[in-house]
Every structure is written in C-alpha cells, then in structure tokens.
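See below for model-v4.pdb, which holds PDB, C-alpha atoms.
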```
ATOM      1  CA  MET A 737      32.500 -14.227  32.100
ATOM      2  CA  THR A 738      31.483 -10.708  31.122
ATOM      3  CA  SER A 739      29.251  -8.756  33.498
ATOM      4  CA  MET A 740      26.351  -6.786  32.040
ATOM      5  CA  GLU A 741      23.899  -4.340  33.590
ATOM      6  CA  GLY A 742      20.168  -4.774  33.913
ATOM      7  CA  LEU A 743      17.119  -3.399  35.715
ATOM      8  CA  ILE A 744      14.910  -5.586  37.911
ATOM      9  CA  ILE A 745      11.294  -5.085  36.869
ATOM     10  CA  ARG A 746       9.727  -7.994  38.786
ATOM     11  CA  GLY A 747      10.704 -10.539  41.430
ATOM     12  CA  ILE A 748       8.710 -13.610  42.462
ATOM     13  CA  GLY A 749       9.978 -16.508  44.556
ATOM     14  CA  GLY A 750      13.656 -15.798  43.996
ATOM     15  CA  LEU A 751      13.267 -15.482  40.221
ATOM     16  CA  TYR A 752      13.815 -11.987  38.830
ATOM     17  CA  THR A 753      12.846 -10.530  35.476
ATOM     18  CA  LEU A 754      15.484  -8.147  34.145
ATOM     19  CA  ASP A 755      15.170  -5.493  31.474
ATOM     20  CA  THR A 756      18.426  -5.428  29.532
ATOM     21  CA  PRO A 757      19.648  -3.791  26.307
ATOM     22  CA  SER A 758      18.973  -7.099  24.529
ATOM     23  CA  GLY A 759      15.473  -7.585  25.971
ATOM     24  CA  THR A 760      13.923  -9.114  29.073
ATOM     25  CA  ILE A 761      15.455 -12.190  30.688
ATOM     26  CA  ASP A 762      14.925 -14.176  33.872
ATOM     27  CA  ALA A 763      17.719 -14.552  36.409
ATOM     28  CA  ARG A 764      18.426 -15.824  39.889
ATOM     29  CA  ALA A 765      20.669 -14.143  42.451
ATOM     30  CA  ARG A 766      23.944 -15.528  43.757
ATOM     31  CA  GLY A 767      23.814 -17.031  47.225
ATOM     32  CA  ILE A 768      25.776 -14.104  48.674
ATOM     33  CA  PHE A 769      22.614 -11.981  48.577
ATOM     34  CA  ARG A 770      20.820 -14.507  50.777
ATOM     35  CA  HIS A 771      23.778 -14.843  53.121
ATOM     36  CA  GLU A 772      23.919 -11.050  53.532
ATOM     37  CA  ASN A 773      20.128 -10.926  53.988
ATOM     38  CA  LEU A 774      19.865  -8.474  51.096
ATOM     39  CA  ARG A 775      16.605  -8.643  49.160
ATOM     40  CA  LEU A 776      16.533  -7.406  45.594
ATOM     41  CA  ILE A 777      13.498  -5.319  44.589
ATOM     42  CA  PRO A 778      11.988  -3.757  41.452
ATOM     43  CA  GLY A 779      13.939  -0.708  40.363
ATOM     44  CA  ASP A 780      17.264  -2.173  41.473
ATOM     45  CA  ARG A 781      20.046  -1.830  38.945
ATOM     46  CA  ILE A 782      22.276  -4.867  38.982
ATOM     47  CA  THR A 783      25.034  -6.645  37.107
ATOM     48  CA  TYR A 784      24.546 -10.170  35.836
ATOM     49  CA  GLU A 785      26.431 -12.879  33.993
ATOM     50  CA  MET A 786      25.329 -15.558  31.550
ATOM     51  CA  LEU A 787      26.324 -19.067  32.633
ATOM     52  CA  PRO A 788      27.471 -21.805  30.200
ATOM     53  CA  ASP A 789      24.056 -23.494  30.462
ATOM     54  CA  GLY A 790      22.357 -20.344  29.135
ATOM     55  CA  THR A 791      20.872 -19.173  32.439
ATOM     56  CA  ALA A 792      21.552 -15.771  33.976
ATOM     57  CA  VAL A 793      22.779 -15.034  37.481
ATOM     58  CA  ILE A 794      22.725 -11.666  39.292
ATOM     59  CA  THR A 795      26.203 -10.915  40.625
ATOM     60  CA  GLU A 796      26.112  -7.413  42.121
ATOM     61  CA  LEU A 797      23.704  -4.733  43.309
ATOM     62  CA  ILE A 798      24.567  -1.261  42.025
ATOM     63  CA  PRO A 799      24.166   1.228  44.928
ATOM     64  CA  ARG A 800      20.624   2.555  45.233
ATOM     65  CA  ARG A 801      19.792   6.261  44.999
ATOM     66  CA  ASN A 802      16.720   5.716  47.135
ATOM     67  CA  MET A 803      14.214   3.066  48.090
ATOM     68  CA  LEU A 804      10.826   2.495  49.637
ATOM     69  CA  ILE A 805      10.464  -0.506  51.913
ATOM     70  CA  ARG A 806       6.763  -1.164  51.554
ATOM     71  CA  PRO A 807       5.857  -1.036  48.751
ATOM     72  CA  SER A 808       9.286  -2.276  47.701
ATOM     73  CA  ALA A 809      10.761  -0.092  44.961
ATOM     74  CA  ALA A 810      14.196   1.383  44.353
ATOM     75  CA  ASN A 811      15.757   4.214  42.364
ATOM     76  CA  LEU A 812      12.482   6.086  41.876
ATOM     77  CA  ASP A 813      12.563   9.413  40.061
ATOM     78  CA  VAL A 814       8.926  10.302  40.712
ATOM     79  CA  LEU A 815       6.213   9.242  43.146
ATOM     80  CA  VAL A 816       2.760  10.042  41.765
ATOM     81  CA  VAL A 817      -0.100  10.281  44.228
ATOM     82  CA  ILE A 818      -3.441   9.674  42.548
ATOM     83  CA  ALA A 819      -6.120  11.585  44.435
ATOM     84  CA  SER A 820      -9.755  12.500  43.924
ATOM     85  CA  ALA A 821     -12.363  14.859  45.313
ATOM     86  CA  ALA A 822     -15.063  12.445  44.115
ATOM     87  CA  PRO A 823     -15.851   9.256  46.099
ATOM     88  CA  PRO A 824     -13.727   7.845  47.580
ATOM     89  CA  ALA A 825     -12.357  11.335  48.325
ATOM     90  CA  THR A 826      -8.708  11.449  49.356
ATOM     91  CA  GLU A 827      -7.727  12.804  52.767
ATOM     92  CA  PHE A 828      -5.121  15.566  52.692
ATOM     93  CA  TYR A 829      -3.160  13.869  55.455
ATOM     94  CA  LEU A 830      -2.696  10.681  53.425
ATOM     95  CA  ILE A 831      -1.267  12.691  50.538
ATOM     96  CA  ASP A 832       1.005  14.730  52.796
ATOM     97  CA  ARG A 833       2.313  11.685  54.622
ATOM     98  CA  VAL A 834       3.470   9.994  51.422
ATOM     99  CA  PHE A 835       4.849  13.182  49.870
ATOM    100  CA  ALA A 836       6.883  13.886  53.029
ATOM    101  CA  VAL A 837       8.576  10.507  52.733
ATOM    102  CA  ALA A 838       9.266  11.020  49.027
ATOM    103  CA  ALA A 839      10.772  14.466  49.607
ATOM    104  CA  CYS A 840      13.045  13.221  52.386
ATOM    105  CA  LYS A 841      14.276  10.450  50.094
ATOM    106  CA  GLY A 842      14.971  12.800  47.201
ATOM    107  CA  ILE A 843      12.078  11.533  45.055
ATOM    108  CA  GLU A 844      10.112  14.038  42.960
ATOM    109  CA  GLN A 845       6.422  14.321  43.802
ATOM    110  CA  LEU A 846       3.479  14.734  41.450
ATOM    111  CA  LEU A 847      -0.177  15.022  42.421
ATOM    112  CA  CYS A 848      -2.585  13.628  39.853
ATOM    113  CA  VAL A 849      -6.228  14.509  40.530
ATOM    114  CA  ASN A 850      -8.448  11.875  38.882
ATOM    115  CA  LYS A 851     -12.222  11.708  38.225
ATOM    116  CA  CYS A 852     -12.297  15.358  37.211
ATOM    117  CA  ASP A 853     -15.463  14.664  35.214
ATOM    118  CA  LEU A 854     -17.217  14.174  38.573
ATOM    119  CA  ASP A 855     -15.343  16.790  40.623
ATOM    120  CA  PRO A 856     -12.402  18.860  39.321
ATOM    121  CA  GLY A 857     -10.733  18.853  42.748
ATOM    122  CA  ASP A 858      -9.959  22.559  42.661
ATOM    123  CA  GLU A 859      -9.098  22.666  46.371
ATOM    124  CA  LEU A 860      -6.553  19.862  45.957
ATOM    125  CA  VAL A 861      -4.991  21.677  43.011
ATOM    126  CA  GLU A 862      -4.856  24.991  44.878
ATOM    127  CA  VAL A 863      -3.281  23.558  48.051
ATOM    128  CA  TYR A 864      -0.535  21.576  46.345
ATOM    129  CA  THR A 865       0.229  24.129  43.673
ATOM    130  CA  ARG A 866       0.841  26.630  46.479
ATOM    131  CA  ALA A 867       3.087  24.059  48.146
ATOM    132  CA  GLY A 868       5.240  23.931  45.015
ATOM    133  CA  ILE A 869       4.185  20.401  44.075
ATOM    134  CA  PRO A 870       3.360  19.836  40.379
ATOM    135  CA  THR A 871      -0.317  18.973  39.893
ATOM    136  CA  LEU A 872      -2.254  17.490  36.989
ATOM    137  CA  GLN A 873      -6.003  17.005  36.535
ATOM    138  CA  VAL A 874      -7.021  13.881  34.644
ATOM    139  CA  CYS A 875      -9.965  11.611  33.961
ATOM    140  CA  ALA A 876      -9.198   7.942  33.423
ATOM    141  CA  GLU A 877     -12.760   7.393  32.211
ATOM    142  CA  THR A 878     -12.429   9.749  29.237
ATOM    143  CA  GLY A 879      -8.647   9.807  28.874
ATOM    144  CA  ASP A 880      -8.450  13.562  29.448
ATOM    145  CA  GLY A 881      -5.065  14.588  30.849
ATOM    146  CA  ILE A 882      -3.484  11.152  30.393
ATOM    147  CA  PRO A 883      -1.162  12.300  27.537
ATOM    148  CA  ALA A 884       0.121  15.113  29.786
ATOM    149  CA  LEU A 885       0.806  12.607  32.560
ATOM    150  CA  ALA A 886       2.616  10.270  30.171
ATOM    151  CA  GLN A 887       4.762  13.148  28.925
ATOM    152  CA  TRP A 888       5.590  14.196  32.493
ATOM    153  CA  LEU A 889       6.819  10.668  33.313
ATOM    154  CA  ARG A 890       8.682  10.115  30.059
ATOM    155  CA  GLY A 891      12.119   8.568  30.579
ATOM    156  CA  LYS A 892      11.694   8.283  34.362
ATOM    157  CA  ILE A 893      11.180   5.467  36.847
ATOM    158  CA  SER A 894       7.927   6.311  38.575
ATOM    159  CA  ALA A 895       5.350   4.743  40.855
ATOM    160  CA  LEU A 896       1.654   5.379  41.350
ATOM    161  CA  THR A 897      -0.052   5.235  44.706
ATOM    162  CA  GLY A 898      -3.264   6.494  46.253
ATOM    163  CA  ASN A 899      -6.237   5.442  48.305
ATOM    164  CA  SER A 900      -8.091   2.376  47.038
ATOM    165  CA  GLY A 901     -10.708   2.996  44.382
ATOM    166  CA  VAL A 902      -9.249   6.309  43.278
ATOM    167  CA  GLY A 903      -8.299   4.939  39.864
ATOM    168  CA  LYS A 904      -4.612   3.997  39.952
ATOM    169  CA  SER A 905      -5.015   0.859  37.867
ATOM    170  CA  SER A 906      -7.450   2.567  35.480
ATOM    171  CA  ILE A 907      -4.905   5.313  34.809
ATOM    172  CA  LEU A 908      -2.171   2.743  34.338
ATOM    173  CA  GLN A 909      -4.368   0.887  31.845
ATOM    174  CA  LYS A 910      -4.800   4.092  29.826
ATOM    175  CA  MET A 911      -1.040   4.589  29.798
ATOM    176  CA  LEU A 912      -0.412   0.956  28.801
ATOM    177  CA  PRO A 913      -3.156   0.252  26.249
ATOM    178  CA  ASP A 914      -1.444  -2.885  24.924
ATOM    179  CA  ARG A 915      -1.529  -4.611  28.321
ATOM    180  CA  THR A 916      -4.497  -6.128  30.107
ATOM    181  CA  LEU A 917      -4.433  -5.104  33.764
ATOM    182  CA  GLN A 918      -6.775  -5.952  36.602
ATOM    183  CA  VAL A 919      -8.908  -2.946  37.498
ATOM    184  CA  GLY A 920     -10.807  -2.818  40.791
ATOM    185  CA  GLU A 921     -14.440  -1.906  41.150
ATOM    186  CA  LEU A 922     -15.595   0.781  43.545
ATOM    187  CA  SER A 923     -17.749  -0.505  46.389
ATOM    188  CA  GLU A 924     -20.659   1.939  46.585
ATOM    189  CA  LYS A 925     -21.683   0.576  50.000
ATOM    190  CA  LEU A 926     -18.333   1.213  51.615
ATOM    191  CA  GLY A 927     -17.187   4.109  49.442
ATOM    192  CA  ARG A 928     -13.889   2.268  49.064
ATOM    193  CA  GLY A 929     -12.171   0.369  46.319
ATOM    194  CA  LYS A 930     -11.189  -3.253  46.323
ATOM    195  CA  HIS A 931      -7.449  -3.887  46.400
ATOM    196  CA  THR A 932      -6.231  -5.129  43.033
ATOM    197  CA  THR A 933      -2.471  -4.597  43.356
ATOM    198  CA  ARG A 934      -0.603  -7.057  45.584
ATOM    199  CA  SER A 935       3.038  -6.499  44.687
ATOM    200  CA  THR A 936       5.227  -4.019  42.885
ATOM    201  CA  GLU A 937       6.050  -4.479  39.221
ATOM    202  CA  LEU A 938       7.639  -2.068  36.763
ATOM    203  CA  TYR A 939       6.053  -1.659  33.333
ATOM    204  CA  ALA A 940       7.870  -0.137  30.363
ATOM    205  CA  LEU A 941       6.101   2.995  29.123
ATOM    206  CA  PRO A 942       5.610   3.452  25.359
ATOM    207  CA  GLU A 943       7.173   6.925  25.628
ATOM    208  CA  GLY A 944      10.201   5.559  27.504
ATOM    209  CA  GLY A 945      10.776   4.971  31.193
ATOM    210  CA  TYR A 946       9.053   2.647  33.645
ATOM    211  CA  ILE A 947       6.022   2.887  35.886
ATOM    212  CA  ALA A 948       4.831   0.821  38.832
ATOM    213  CA  ASP A 949       1.355   0.362  40.208
ATOM    214  CA  THR A 950       1.734  -0.093  43.964
ATOM    215  CA  PRO A 951      -0.683  -1.049  46.749
ATOM    216  CA  GLY A 952      -2.928   1.704  48.093
ATOM    217  CA  PHE A 953      -2.265   3.946  51.070
ATOM    218  CA  SER A 954      -3.573   1.341  53.522
ATOM    219  CA  GLU A 955      -0.897  -1.088  52.340
ATOM    220  CA  PHE A 956       1.952   1.252  53.268
ATOM    221  CA  ASP A 957       3.755   0.033  56.386
ATOM    222  CA  VAL A 958       3.902   3.307  58.276
ATOM    223  CA  SER A 959       6.187   2.051  61.027
ATOM    224  CA  ARG A 960       8.844   1.130  58.469
ATOM    225  CA  LEU A 961       8.069   3.715  55.819
ATOM    226  CA  PHE A 962       8.939   6.674  57.999
ATOM    227  CA  THR A 963      12.691   6.346  57.993
ATOM    228  CA  MET A 964      13.158   9.912  59.203
ATOM    229  CA  LEU A 965      13.463  11.890  62.402
ATOM    230  CA  ARG A 966      10.855  14.338  63.657
ATOM    231  CA  GLU A 967      13.197  17.293  63.225
ATOM    232  CA  ASP A 968      13.642  16.417  59.527
ATOM    233  CA  VAL A 969       9.951  16.266  58.632
ATOM    234  CA  TRP A 970       9.820  19.911  57.531
ATOM    235  CA  HIS A 971      11.969  18.986  54.512
ATOM    236  CA  GLY A 972       8.873  17.214  53.188
ATOM    237  CA  PHE A 973       6.962  20.504  53.212
ATOM    238  CA  PRO A 974       8.837  22.766  50.764
ATOM    239  CA  GLU A 975       6.597  25.779  51.474
ATOM    240  CA  PHE A 976       8.060  25.862  55.011
ATOM    241  CA  ALA A 977      11.588  26.504  53.724
ATOM    242  CA  PRO A 978      11.439  30.345  53.501
ATOM    243  CA  TYR A 979      10.519  30.538  57.203
ATOM    244  CA  VAL A 980      12.696  27.853  58.791
ATOM    245  CA  GLY A 981      15.679  29.340  60.600
ATOM    246  CA  TYR A 982      13.926  32.619  61.434
ATOM    247  CA  CYS A 983      11.907  31.421  64.431
ATOM    248  CA  ARG A 984      12.405  32.942  67.869
ATOM    249  CA  TYR A 985      13.870  29.755  69.344
ATOM    250  CA  THR A 986      16.697  27.611  68.014
ATOM    251  CA  GLY A 987      15.497  24.087  67.343
ATOM    252  CA  CYS A 988      11.876  25.142  66.819
ATOM    253  CA  LEU A 989       9.791  22.181  65.635
ATOM    254  CA  HIS A 990       7.121  24.479  64.122
ATOM    255  CA  THR A 991       4.306  22.646  65.885
ATOM    256  CA  HIS A 992       3.178  24.821  68.823
ATOM    257  CA  GLU A 993       6.050  27.162  69.765
ATOM    258  CA  ASP A 994       5.588  30.890  70.281
ATOM    259  CA  GLY A 995       7.509  33.058  67.839
ATOM    260  CA  CYS A 996       7.416  30.353  65.147
ATOM    261  CA  MET A 997       7.581  31.919  61.691
ATOM    262  CA  VAL A 998       5.984  28.863  60.085
ATOM    263  CA  ARG A 999       2.956  29.115  62.375
ATOM    264  CA  GLU A1000       2.712  32.843  61.665
ATOM    265  CA  ALA A1001       2.701  32.087  57.924
ATOM    266  CA  VAL A1002      -0.140  29.611  58.493
ATOM    267  CA  ALA A1003      -2.078  32.235  60.458
ATOM    268  CA  ARG A1004      -1.659  34.726  57.588
ATOM    269  CA  GLY A1005      -2.845  32.146  55.069
ATOM    270  CA  ASP A1006       0.532  31.939  53.311
ATOM    271  CA  ILE A1007       0.710  28.212  54.137
ATOM    272  CA  PRO A1008      -2.522  26.148  53.876
ATOM    273  CA  ALA A1009      -3.779  25.103  57.312
ATOM    274  CA  SER A1010      -4.284  21.515  56.105
ATOM    275  CA  ARG A1011      -0.588  21.202  55.311
ATOM    276  CA  HIS A1012       0.472  22.390  58.742
ATOM    277  CA  GLU A1013      -2.066  20.079  60.395
ATOM    278  CA  SER A1014      -0.551  17.149  58.498
ATOM    279  CA  TYR A1015       2.935  18.245  59.522
ATOM    280  CA  VAL A1016       1.957  18.313  63.203
ATOM    281  CA  ARG A1017       0.404  14.829  62.936
ATOM    282  CA  LEU A1018       3.565  13.466  61.328
ATOM    283  CA  CYS A1019       5.755  14.971  64.023
ATOM    284  CA  ASP A1020       3.546  13.370  66.645
ATOM    285  CA  GLU A1021       3.819   9.966  64.929
ATOM    286  CA  LEU A1022       7.602  10.266  64.942
ATOM    287  CA  LYS A1023       8.077  11.601  68.479
ATOM    288  CA  ASP A1024       9.619   8.319  69.680
ATOM    289  CA  THR A1025      11.825   7.708  66.618
ATOM    290  CA  ARG A1026      15.592   7.767  67.244
ATOM    291  CA  ALA A1027      18.469   7.802  64.764
ATOM    292  CA  TRP A1028      19.590   4.260  65.623
ATOM    293  CA  MET A1029      16.148   2.975  64.646
ATOM    294  CA  LEU A1030      16.367   4.184  61.044
ATOM    295  CA  LYS A1031      17.033   1.400  58.587
ATOM    296  CA  ASP A1032      16.499   1.235  54.845
ATOM    297  CA  LYS A1033      17.575  -2.351  54.284
ATOM    298  CA  PRO A1034      14.545  -4.481  53.346
TER     299      PRO A1034
END
```

As a first step, turn the structure in this file into structure tokens.
Amino acid sequence: MTSMEGLIIRGIGGLYTLDTPSGTIDARARGIFRHENLRLIPGDRITYEMLPDGTAVITELIPRRNMLIRPSAANLDVLVVIASAAPPATEFYLIDRVFAVAACKGIEQLLCVNKCDLDPGDELVEVYTRAGIPTLQVCAETGDGIPALAQWLRGKISALTGNSGVGKSSILQKMLPDRTLQVGELSEKLGRGKHTTRSTELYALPEGGYIADTPGFSEFDVSRLFTMLREDVWHGFPEFAPYVGYCRYTGCLHTHEDGCMVREAVARGDIPASRHESYVRLCDELKDTRAWMLKDKP
C-alpha cells in the first residue's frame, strides 16, 4: 500500500480527521501508537494508508517541530494572544507567561488587542512593541483590523489564546464567516467570560493556513506547560538579549543580582518594568524545575 501525508485537524475518541490533498478524511491510528503511549494531536503531520475496505489508517508520525501539551497542538508557526484593556482586562503576567513558552519552543508570537472600540489598549501596544513582539489592534464587534490579522496568519498554522471573555471565538468567527461557532457571553457580574472552547481543533482559513481556538489562560496546565529551566526563561524576553552576557557575575539570573545589566536597563526605562516583573515571577515558579523533569510527550 502507498503511504500518503496528511495533517490532523481534529481528534475525538481515537478517530482523527485528516486534511489531505484530496480533501478531509477520517482515520484511526495503528495499535503501535497506543503501545508506545504516543497520543496524536491537532497539528501533527502524519502518513496514512488506505485499506482494502476503504478506511484509512495512520501509520507514522512525522517528527514535530514543536508542541504544546495543554492545549494540545503541534507544529505551530504562530501563537496569537488575544488581549484587551476593556473588561475583562488582561493581566500583563498572563501574556508574558504564554509568550515565554512560545519563544522557548520556537513559535512566533503575535499580540492582538481586541475591543479597541471600548479601549484602544495603547499601553499594551507600547509595551509589546518595545519588546519586539508584533502587535495588532482589532475590534471583533466592527471587524476593524480583522483583515490585517488574517493576512498576518496567511499560510501558517496558528492558535489563538487569551483570558476568557476577551473575544477569541468572536475573532475566529469573523475570520471564518462560513462557519457557525459557539461564542461565549461576558458575565458582567464576574467580569469574566464563560468558557466556550473545550478542545483544540484546526480550522482551514480562507486565505490559506489553519487556525485553532484553544481554551483560555485558566485552562493552561502550568505545571506541564513550562517545559523549560529557570536559566532559559530570558530567551522568552527578546528585549533582554542585548544585555545578557554583560552582567558583573557569570550565571546572573537577572532577578535581584547587583551589577545586572538587565536590571539597570529596567531602571533606565529601556525595558518595561512589567516585563521584568513577569520574568521574575516565572523564574520563581521554575525554581524547583530540573532538566530530568522536562518532558514534551503528551
């Protein structure tokens, strides 16, 4: 039998939907995946074969470029954080935490500030533009900025995330007008959104490429998401790069040490204080992480 390549766009109960050059098909995985305790996830590129009875079977997993464990997604080109300065306003730390993981996994980051009709989010734009992270301002309600976002993601595998109620599903609906998606309502009493996304699924974009709507920040499993060591966290903060290696002490963690060039840059205002505060919090979360504990296998 001839092996062909496909992309997993959805997986439920051991049945996977594949996007292939000839269209979408359903397939099951060979038993070897179960025996090796290897779970296939959206974004995985695989090979499959067609059996004599007309069903498809997944035969091999093509090595992943990267992956997130929860939410489960593989081979991402871009991770888009949807944020807002309007209720429910996004905390800087939540953005920085997710972007640090993406950077350390080699995934591009994009900040998309939504609800700009209510609050343009100028501080968010200023902080992340200075950090070297591309930033867009959009409004899902009016559609402003959505074409620019679609163009930015064209031909890429991307995922949206953000705090609940910030408009992830509404933005996705604007980008996929021919699909009917569940959109959550903002709870005015709690200032939070209701979770509408329970699992990861890739959708084909009209302009080319794929996009996933993933659970909100609170659904990220922090203990498993941070597959990095404390000394590597600075790689998730690109504005630190010009100063790393010039500190007074070798092995400086850039948290509290005297003679730290990163801290001096923060004091001068060259690095936003909020970014350094997030960095210090991340380092503290990872203080007990050791290399042998790092695993990417879901």

CA of Gly901 (chain A) sits from CA of Pro824 (chain A) at a separation of 6.5 Å

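For the residues A:Pro1008, A:Leu989, A:Lys841, A:Val1016, ranking by smallest atom-to-atom distance to Thr865 (chain A) using only C-alpha atoms places A:Pro1008 first.
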
Residues matched by the PyMOL selection byres ((chain A and resi 746) around 7) as a count of residues only: 9

Could you please determine the separation between CA of Arg833 (chain A) and CA of Ser1014 (chain A) in Å, to one decimal place?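 CA of Arg833 (chain A) sits 7.3 Å away from CA of Ser1014 (chain A).
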
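Interatomic distance, CA of Gly891 (chain A) against CA of Pro799 (chain A): 20.1 Å.
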
Long-range neighbours of Glu975 (chain A) as a PyMOL selection string, 8 Å cut-off, all atoms listed in the file, 2 positions minimum in chain: chain A and resi 866-868+973+977-978+1007

Restricting it to C-alpha atoms, dump the selection as an mmCIF file, in the coordinates of the input.
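So selection14.cif came out as:
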```cif
data_model
loop_
_atom_site.group_PDB
_atom_site.id
_atom_site.type_symbol
_atom_site.label_atom_id
_atom_site.label_comp_id
_atom_site.auth_asym_id
_atom_site.auth_seq_id
_atom_site.Cartn_x
_atom_site.Cartn_y
_atom_site.Cartn_z
ATOM 1 C CA ARG A 866 0.841 26.630 46.479
ATOM 2 C CA ALA A 867 3.087 24.059 48.146
ATOM 3 C CA GLY A 868 5.240 23.931 45.015
ATOM 4 C CA PHE A 973 6.962 20.504 53.212
ATOM 5 C CA ALA A 977 11.588 26.504 53.724
ATOM 6 C CA PRO A 978 11.439 30.345 53.501
ATOM 7 C CA ILE A 1007 0.710 28.212 54.137
#
```

For the structure shown, which residues end up in the PyMOL selection byres ((chain A and resi 998-1001) around 10)? Put them as a PDB file with C-alpha atoms, in the coordinates of the input, please?
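Generated output (expr00.pdb):
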```pdb
ATOM      1  CA  GLU A 975       6.597  25.779  51.474  1.00  0.00           C
ATOM      2  CA  PHE A 976       8.060  25.862  55.011  1.00  0.00           C
ATOM      3  CA  ALA A 977      11.588  26.504  53.724  1.00  0.00           C
ATOM      4  CA  PRO A 978      11.439  30.345  53.501  1.00  0.00           C
ATOM      5  CA  TYR A 979      10.519  30.538  57.203  1.00  0.00           C
ATOM      6  CA  VAL A 980      12.696  27.853  58.791  1.00  0.00           C
ATOM      7  CA  GLY A 981      15.679  29.340  60.600  1.00  0.00           C
ATOM      8  CA  TYR A 982      13.926  32.619  61.434  1.00  0.00           C
ATOM      9  CA  CYS A 983      11.907  31.421  64.431  1.00  0.00           C
ATOM     10  CA  CYS A 988      11.876  25.142  66.819  1.00  0.00           C
ATOM     11  CA  LEU A 989       9.791  22.181  65.635  1.00  0.00           C
ATOM     12  CA  HIS A 990       7.121  24.479  64.122  1.00  0.00           C
ATOM     13  CA  THR A 991       4.306  22.646  65.885  1.00  0.00           C
ATOM     14  CA  HIS A 992       3.178  24.821  68.823  1.00  0.00           C
ATOM     15  CA  GLU A 993       6.050  27.162  69.765  1.00  0.00           C
ATOM     16  CA  ASP A 994       5.588  30.890  70.281  1.00  0.00           C
ATOM     17  CA  GLY A 995       7.509  33.058  67.839  1.00  0.00           C
ATOM     18  CA  CYS A 996       7.416  30.353  65.147  1.00  0.00           C
ATOM     19  CA  MET A 997       7.581  31.919  61.691  1.00  0.00           C
ATOM     20  CA  VAL A1002      -0.140  29.611  58.493  1.00  0.00           C
ATOM     21  CA  ALA A1003      -2.078  32.235  60.458  1.00  0.00           C
ATOM     22  CA  ARG A1004      -1.659  34.726  57.588  1.00  0.00           C
ATOM     23  CA  GLY A1005      -2.845  32.146  55.069  1.00  0.00           C
ATOM     24  CA  ASP A1006       0.532  31.939  53.311  1.00  0.00           C
ATOM     25  CA  ILE A1007       0.710  28.212  54.137  1.00  0.00           C
ATOM     26  CA  PRO A1008      -2.522  26.148  53.876  1.00  0.00           C
ATOM     27  CA  ALA A1009      -3.779  25.103  57.312  1.00  0.00           C
ATOM     28  CA  HIS A1012       0.472  22.390  58.742  1.00  0.00           C
TER      29      HIS A1012
END
```

Determine the nearest neighbour of Ala810 (chain A) from the options A:Ile794, A:Val874, A:Thr936, A:Tyr829, counting only C-alpha atoms. A:Thr936

Translate the PyMOL selection byres ((chain A and resi 802) around 10), as applied to the file shown, into an explicit residue set as an NGL selection string. :A and (779-780 or 799-801 or 803-804 or 809-813 or 838 or 840-843 or 1032)

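Once region 766-771 of chain A and its same-chain neighbours fewer than 2 positions away are set aside, Arg764, Asn773, Leu774, Arg775, Val793, Ile794 and Thr795 of chain A remain within 7 Å of it when counting only C-alpha atoms.
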
Can you work out which one of A:Gly903, A:Gly857, A:Gly944, A:Gly972 has the shortest atom-to-atom distance to Gln887 (chain A), counting all atoms listed in the file?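 Smallest separation from Gln887 (chain A) among the options: A:Gly944.
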